[in-house]
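Just below is one structure, and these are the notes that go with it.
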Amino acid sequence: MTRLLIGSDHAGFVLKEKLKAYLEKKAIHVKDLGTYSKQRCDYPVYAYEVAKNISSGKFKRGILICKSGVGNSIVANRLPGVRAALCDNLKITKLSREHNDSNILVLGSGFVKADLAKRMVWAWLNTKFLGGRHLRRIKLINQIDKKINTPR
C-alpha cells in the first residue's frame, strides 16, 4: 500500500480535502499533517512538517498545497534530500518525476482546479524516475545539500 503525506494552509484546505478523498478511494493511505480547517494559518508550519518527514526518510512522498505553491516550495526545498516540485500541468508533473525524482508535489490551489489536481497526483504517483543522466544530476544535488548543511 502506498503511504503518502499531505499538508496545506488555509488556502489549500479545500483542495487538500478533495485530494484526500480521491486518494483514499484509490486505496492510498494518506496521513494528513494539517491544517484541519479554513481558518487562516501560516504555510511554513505545514510545509516544514511534510518536508521534515520526507527528509528524515519516514515517508517517501508528500503533497503540499497553498494558494500559489511558491511558499511551500521554498520551505520544503530547504531540507536535505527534499525535491519539492511546484507543478501546474500534467507534463511538468511527469517530468518532475522522470527527470528530478521529485518527492514532494506542490500545488497552488489558486492555479490548479480539483479535476486537474487529481490527474496530476495520479500521474505523479505512477511516473517512474528515469535514472541515467538524471541520476547523475540528483547525486550532484545531494552533494550540494551536504556542502550547504555541513557545519563549518
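Letters for chains follow the order of the C-alpha cells (A, B, ...), residue numbers begin at 1 for each chain, and ligand numbers begin at 1 in the order shown.
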
Checklist entry - Can you list every residue in region 67-126 of chain A that DSSP puts in strand (DSSP E), as a PyMOL selection string? => result chain A and resi 84-86+104-108

Item to check | Who sits within 9 Å of region 98-107 of chain A, only C-alpha atoms, same chain under 2 positions skipped, as number ranges by chain | outcome: A: 5, 12, 50-51, 54, 60-70, 72-73, 76, 81-88, 93-96, 109-112, 117, 121, 124, 127-131, 133-135, 137-138

Checklist entry - Quick one: of A:Asn53, A:Asn126, A:Thr2, A:Ser8, who's nearest to Tyr36 (chain A), counting only C-alpha atoms? => result A:Ser8

Next on the checklist: When DSSP is applied to the backbone of this structure, which of chain A are assigned alpha helix (DSSP H)? Write them out as a PyMOL selection string.
Outcome noted: chain A and resi 13-25+43-55+70-76+90-98+114-126+133-148

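What separates CA of Ile28 (chain A) from CA of Arg119 (chain A) is a distance of 14.7 Å.
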
Checklist entry - Between A:Arg97, A:Lys147, A:Lys58, A:His10, which has the minimum distance to Lys31 (chain A) (counting only C-alpha atoms)? => result A:Lys58

Next on the checklist: My list of candidates is A:Asp145, A:Asp32, A:Asp115, A:Asp9. Which is closest to Val45 (chain A) when distances are computed with only C-alpha atoms?
Outcome noted: A:Asp9

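Residue nearest Ile92 (chain A), chosen from A:Met120, A:Gly108, A:Ile144, A:Ala114 and counting only C-alpha atoms: A:Met120.
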
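Using only C-alpha atoms, the shortest contact distance between Lys18 (chain A) and any of A:Ile74, A:Leu79, A:Leu33, A:Lys113 is found at A:Lys113.
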
Checklist entry - So how many Å separate CA of Tyr46 (chain A) and CA of Ile6 (chain A), to one decimal? => result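 Taking CA of Tyr46 (chain A) as the start and CA of Ile6 (chain A) as the end point, the length is 9.0 Å.
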
Item to check | Residue nearest Pro44 (chain A) - candidates A:Leu4, A:Val30, A:Val75, A:Leu90, atoms counted: only C-alpha atoms | outcome: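 Distance minimum relative to Pro44 (chain A) lands on A:Val75.
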
Checklist entry - How many Å lie between CA of Val14 (chain A) and CA of Arg78 (chain A), rounded to one decimal? => result 26.0 Å
